[in-house]
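Colleague: Before we start, here is the structure in question, set down as structure tokens.
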Amino acid sequence: MDFRFSEKEELLRAKVRKFAEDKLAPLAVEADESDEVSWEIVKLMAEHELFKLTVPEQYGGIGMKAMTNCILREELSRISVHADVYYAEDVLCTYPISVYGTEEQKRRYLPAFASGQHIGSFALTEPDAGSDVGNLKATAVPDGDSYVLNGSKCFASVGPFAQTYLTFAKTDPGAGSKGISAFIVEKGTPGFEGKQMKLMGPHPIGEMTFTDCRLPKENLLGKEGKGLEVALSSLDNARMGVGASAVGMARRAFEEAVAYSRKRVAFGKPISEFQSTQFKLADMALDIDAAALLVYRAAWMKDEIGGRVTKESSMAKLYATEMAWRVVDQALQLHGGYGVVRGMPVEKLYRAVRQPRLYEGTTEIQKVVIARHILNS
Ligand SMILES: Cc1cc2nc3c(=O)[nH]c(=O)nc-3n(C[C@H](O)[C@H](O)[C@H](O)COP(=O)(O)OP(=O)(O)OC[C@H]3O[C@@H](n4cnc5c(N)ncnc54)[C@H](O)[C@@H]3O)c2cc1C
């Protein structure tokens, strides 16, 4: 076993950290309080070639390594939860297009993602089908050279701002989850509309509706009836990234807590000198390390062994998102009343950190996935 990152990975982390602290941080103050996409941040990320890390080299990218993805998400979310969301939704589109797309689809969409010209949105969830995704109701009926889509999606991050969407609809409603197919939809397609949703923590997210929306047959991604496989393999790849993002949020909260506890004086001494504070900090550090190791293991397995890493990715996502919730809460507690003052880093993190326990499969669904793997192996 080798717990060191490669030189290339260390360099990438240093580069992204510098980018995030110098360039992103000043914009994130406002952007992370908005429910809209910050195009200024997207432009900056594109200029620094970050989106290229979501696309294979032959389509204008720099490659698509799971470990790189995790390092990047950890560093972005430490400074800007919004920047991390833009990056994450791109991966949820570029990964399945790279794996399941036709040559023509890869050439049409991947370079646009790599250059930051397009940002993506993964629209799977429906008003009556979240965890129970096999029960989705949207339909795609073949008609000549097209499919006609009807139905609605909700909680699509970055929708309605994205240019390219990956969505899922039933081409064979009688076949249950085996009747689901995946489609690429471009913004502006007649019959496809989006509306913003407003959440507790600022997040660009929307509801999308398809009303007799005609898509060319070339927009089918993968084979008809294989949409659930496209969705689940994309989530396998992405869930460890949600874990990495949670580690980034927790690291930031921890850094804030350490700094604050050193300078805040109570009963004549810095609060860092109380043993209860020290124990809190020790527990936080331990929890962050445990989560980071689960994330890096999943990423290492994806890069070095390949194939599906369903159980390991679910474990990383579950543990890291629950961990981040605990750590941010404890960091806020160490700030006393100042912890809930609007605009304090821990206050912002507290609002943001609740959401990753829900998306890309709730904590309960990760347990269902892990248990299924244990019992079926
Ligand atoms: C901030 C945010 C961003 C999101 N981004 C996206 C996105 O980009 N694309 C997208 O498609 N979706 C997205 N979602 C949707 C998200 O993936 C769903 O909200 C999630 O999968 C849960 O589905 P649901 O809301 O319908 O809850 P439900 O499925 O109705 O679940 C309700 C409760 O029941 C529990 N439950 C359900 N089934 C079981 C079971 N079998 N065993 C035990 N407990 C169970 C759940 O854990 C939960 O506690 C996002 C959500 C949020 C909050």
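Chains: A, B, ... in order of the structure tokens. Residues: from 1 per chain. Ligands: from 1, in order shown.
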Please identify the residues whose atoms come within 6 Å of ligand 1, using only C-alpha atoms and all ligand atoms, and report them as a list in words.
Modeller: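 Going residue by residue within 6 Å of ligand 1, we get Phe122, Ala123, Leu124, Thr125, Ala129, Gly130, Ser131, Asp132, Phe155, Ala156, Ser157, Gln355, Leu358, Tyr359, Glu360, Gly361, Thr362, Glu364 and Ile365 of chain A.
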Colleague: Mind checking which residues fall within 8 Å of Lys367 of chain A, counting only C-alpha atoms, ignoring those fewer than 4 positions away in the same chain, and posting them as a JSON list (two decimals) with N, CA and C atoms, in the first residue's frame?
Modeller:
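Wrote it out as result_2.json, contents follow:
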[["chain", "number", "residue", "atom", "x", "y", "z"],
["A", 314, "SER", "N", -20.39, 4.18, -2.77],
["A", 314, "SER", "CA", -21.51, 4.45, -1.85],
["A", 314, "SER", "C", -21.02, 4.64, -0.43],
["A", 318, "LEU", "N", -21.62, 8.04, 1.57],
["A", 318, "LEU", "CA", -22.39, 8.00, 2.82],
["A", 318, "LEU", "C", -21.57, 8.54, 3.99],
["A", 363, "THR", "N", -28.72, 9.00, 2.26],
["A", 363, "THR", "CA", -27.93, 8.13, 3.14],
["A", 363, "THR", "C", -28.58, 6.74, 3.25],
["A", 371, "ALA", "N", -25.73, -2.80, 1.50],
["A", 371, "ALA", "CA", -26.25, -4.07, 2.02],
["A", 371, "ALA", "C", -26.51, -5.07, 0.89]]
Colleague: Go through A:Gly336, A:Pro96, A:Gly194, A:Gly222 one by one, measure the shortest atom-to-atom distance of each to Thr277 of chain A using only C-alpha atoms, and give the residue with the smallest value.
Modeller: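 Closest to Thr277 of chain A of all the choices is A:Gly336.
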Colleague: Point out the residue among A:Lys187, A:Leu375, A:Glu193, A:Lys348 with the least atom-to-atom distance to Ala31 of chain A, counting only C-alpha atoms.
Modeller: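 So, comparing all the options, the nearest one is A:Lys348.
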Colleague: My list of candidates is A:Glu36, A:Asp283, A:Asp329, A:Glu49. Which is closest to Glu347 of chain A when distances are computed with only C-alpha atoms?
Modeller: A:Asp329
Colleague: Please determine, counting only C-alpha atoms, which residue among A:Glu256, A:Glu33, A:Asp84, A:Glu312 has the shortest atom-to-atom distance to Ile370 of chain A.
Modeller: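 With only C-alpha atoms as the atom set, the closest residue is A:Glu312.
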Colleague: Could you tell me which of A:Leu27, A:Leu12, A:Asn219, A:Glu126 comes closest to Glu40 of chain A if we count only C-alpha atoms?
Modeller: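 For Glu40 of chain A, the nearest of the candidates is A:Leu27.
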Colleague: Within 10 Å of segment 228-251 of chain A, which residues of segment 61-83 of chain A show up? Give each one with its shortest atom-to-atom distance in Å (one decimal) and the two atoms involved, counting only C-alpha atoms, rows by chain then rising residue number, as a tab-separated table.
Modeller:
residue	atom	partner	partner_atom	distance
A:Ala66	CA	A:Asn237	CA	7.5
A:Met67	CA	A:Gly241	CA	9.0
A:Thr68	CA	A:Gly241	CA	9.9
A:Asn69	CA	A:Gly241	CA	6.8
A:Cys70	CA	A:Gly241	CA	5.2
A:Ile71	CA	A:Ala244	CA	7.1
A:Leu72	CA	A:Ala244	CA	8.5
A:Arg73	CA	A:Ser245	CA	5.1
A:Glu74	CA	A:Gly248	CA	4.1
A:Glu75	CA	A:Gly248	CA	6.0
A:Leu76	CA	A:Gly248	CA	7.4
A:Ser77	CA	A:Gly248	CA	5.3
A:Arg78	CA	A:Gly248	CA	4.5
A:Ile79	CA	A:Met249	CA	8.0
A:Ser80	CA	A:Met249	CA	9.0
A:Val81	CA	A:Met249	CA	8.1
Colleague: Can you list, as a PyMOL selection string, every protein, DNA or RNA residue that comes within 8 Å of Ala257 of chain A when you count only C-alpha atoms, leaving out same-chain residues fewer than 3 positions away?
Modeller: chain A and resi 253-254+260-261+281+331-332+334-335
Colleague: Dump C-alpha atoms for the selected residues as an mmCIF file, in the first residue's frame?
Modeller:
data_model
loop_
_atom_site.group_PDB
_atom_site.id
_atom_site.type_symbol
_atom_site.label_atom_id
_atom_site.label_comp_id
_atom_site.auth_asym_id
_atom_site.auth_seq_id
_atom_site.Cartn_x
_atom_site.Cartn_y
_atom_site.Cartn_z
ATOM 1 C CA ALA A 253 -14.995 24.200 8.637
ATOM 2 C CA PHE A 254 -12.213 22.515 10.604
ATOM 3 C CA TYR A 260 -11.215 30.686 15.905
ATOM 4 C CA SER A 261 -10.528 28.548 18.959
ATOM 5 C CA LEU A 281 -10.969 19.152 17.284
ATOM 6 C CA ALA A 331 -17.180 23.866 13.995
ATOM 7 C CA LEU A 332 -20.206 26.146 14.257
ATOM 8 C CA LEU A 334 -17.045 26.277 18.619
ATOM 9 C CA HIS A 335 -17.863 29.712 17.166
#
Colleague: Counting only C-alpha atoms, figure out which residue out of A:Thr164, A:Thr139, A:Thr54, A:Thr102 gets nearest to Ser115 of chain A.
Modeller: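 The answer is A:Thr54, which sits nearest to Ser115 of chain A.
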Colleague: As an MDAnalysis selection string, please: every residue in segment 116-314 of chain A that DSSP puts in strand (DSSP E or B).
Modeller: chainID A and resid 120:123 126 129 139:143 146:157 164:170 180:186 192:196 205:216 220:221 265:266 269:270
Colleague: Work out how far atom CA of Gly63 of chain A is from atom CA of Arg297 of chain A, in Å to one decimal.
Modeller: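 Distance between the two atoms: 19.5 Å.
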Colleague: If you measure from atom CA of Arg214 of chain A to atom CA of Val148 of chain A, what distance in Å do you get, rounded to one decimal?
Modeller: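 Here the two named atoms are 4.5 Å from each other.
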Colleague: Excluding Glu104 of chain A and residues on its chain fewer than 6 positions from it, collect all residues at most 12 Å away from it, counting only C-alpha atoms, and give them as an mmCIF file with N, CA and C atoms, in the first residue's frame.
Modeller:
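The new file result-v1.cif reads:
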data_model
loop_
_atom_site.group_PDB
_atom_site.id
_atom_site.type_symbol
_atom_site.label_atom_id
_atom_site.label_comp_id
_atom_site.auth_asym_id
_atom_site.auth_seq_id
_atom_site.Cartn_x
_atom_site.Cartn_y
_atom_site.Cartn_z
ATOM 1 N N TYR A 59 -10.904 14.193 -27.118
ATOM 2 C CA TYR A 59 -12.049 15.096 -27.372
ATOM 3 C C TYR A 59 -11.816 16.473 -26.745
ATOM 4 N N ILE A 97 -21.429 10.198 -21.495
ATOM 5 C CA ILE A 97 -21.265 10.414 -22.943
ATOM 6 C C ILE A 97 -19.972 9.734 -23.395
ATOM 7 N N SER A 98 -18.919 9.839 -22.578
ATOM 8 C CA SER A 98 -17.641 9.197 -22.937
ATOM 9 C C SER A 98 -17.753 7.673 -22.970
ATOM 10 N N LEU A 110 -18.467 16.607 -26.225
ATOM 11 C CA LEU A 110 -17.357 16.645 -25.266
ATOM 12 C C LEU A 110 -16.438 17.862 -25.411
ATOM 13 N N PRO A 111 -16.051 18.262 -26.631
ATOM 14 C CA PRO A 111 -15.194 19.452 -26.727
ATOM 15 C C PRO A 111 -15.870 20.706 -26.143
ATOM 16 N N GLU A 218 -30.750 10.400 -32.951
ATOM 17 C CA GLU A 218 -29.307 10.434 -32.618
ATOM 18 C C GLU A 218 -29.073 10.881 -31.175
ATOM 19 N N ASN A 219 -30.100 11.428 -30.509
ATOM 20 C CA ASN A 219 -29.897 11.904 -29.133
ATOM 21 C C ASN A 219 -30.102 10.821 -28.082
ATOM 22 N N LEU A 220 -30.446 9.619 -28.532
ATOM 23 C CA LEU A 220 -30.515 8.487 -27.587
ATOM 24 C C LEU A 220 -29.089 8.182 -27.156
ATOM 25 N N LEU A 221 -28.850 8.091 -25.838
ATOM 26 C CA LEU A 221 -27.500 7.779 -25.346
ATOM 27 C C LEU A 221 -27.469 6.318 -24.895
#
Colleague: Using Å and a single decimal, report how far atom CA of Ala316 of chain A sits from atom CA of Val29 of chain A.
Modeller: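 Result for atom CA of Val29 of chain A versus atom CA of Ala316 of chain A: 28.5 Å, one decimal.
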Colleague: Would you list, as a PyMOL selection string, the residues of segment 94-269 of chain A that end up in helix (DSSP H, G or I) under DSSP run on this structure's backbone?
Modeller: chain A and resi 94-100+103-114+133-135+173-179+217-219+227-263
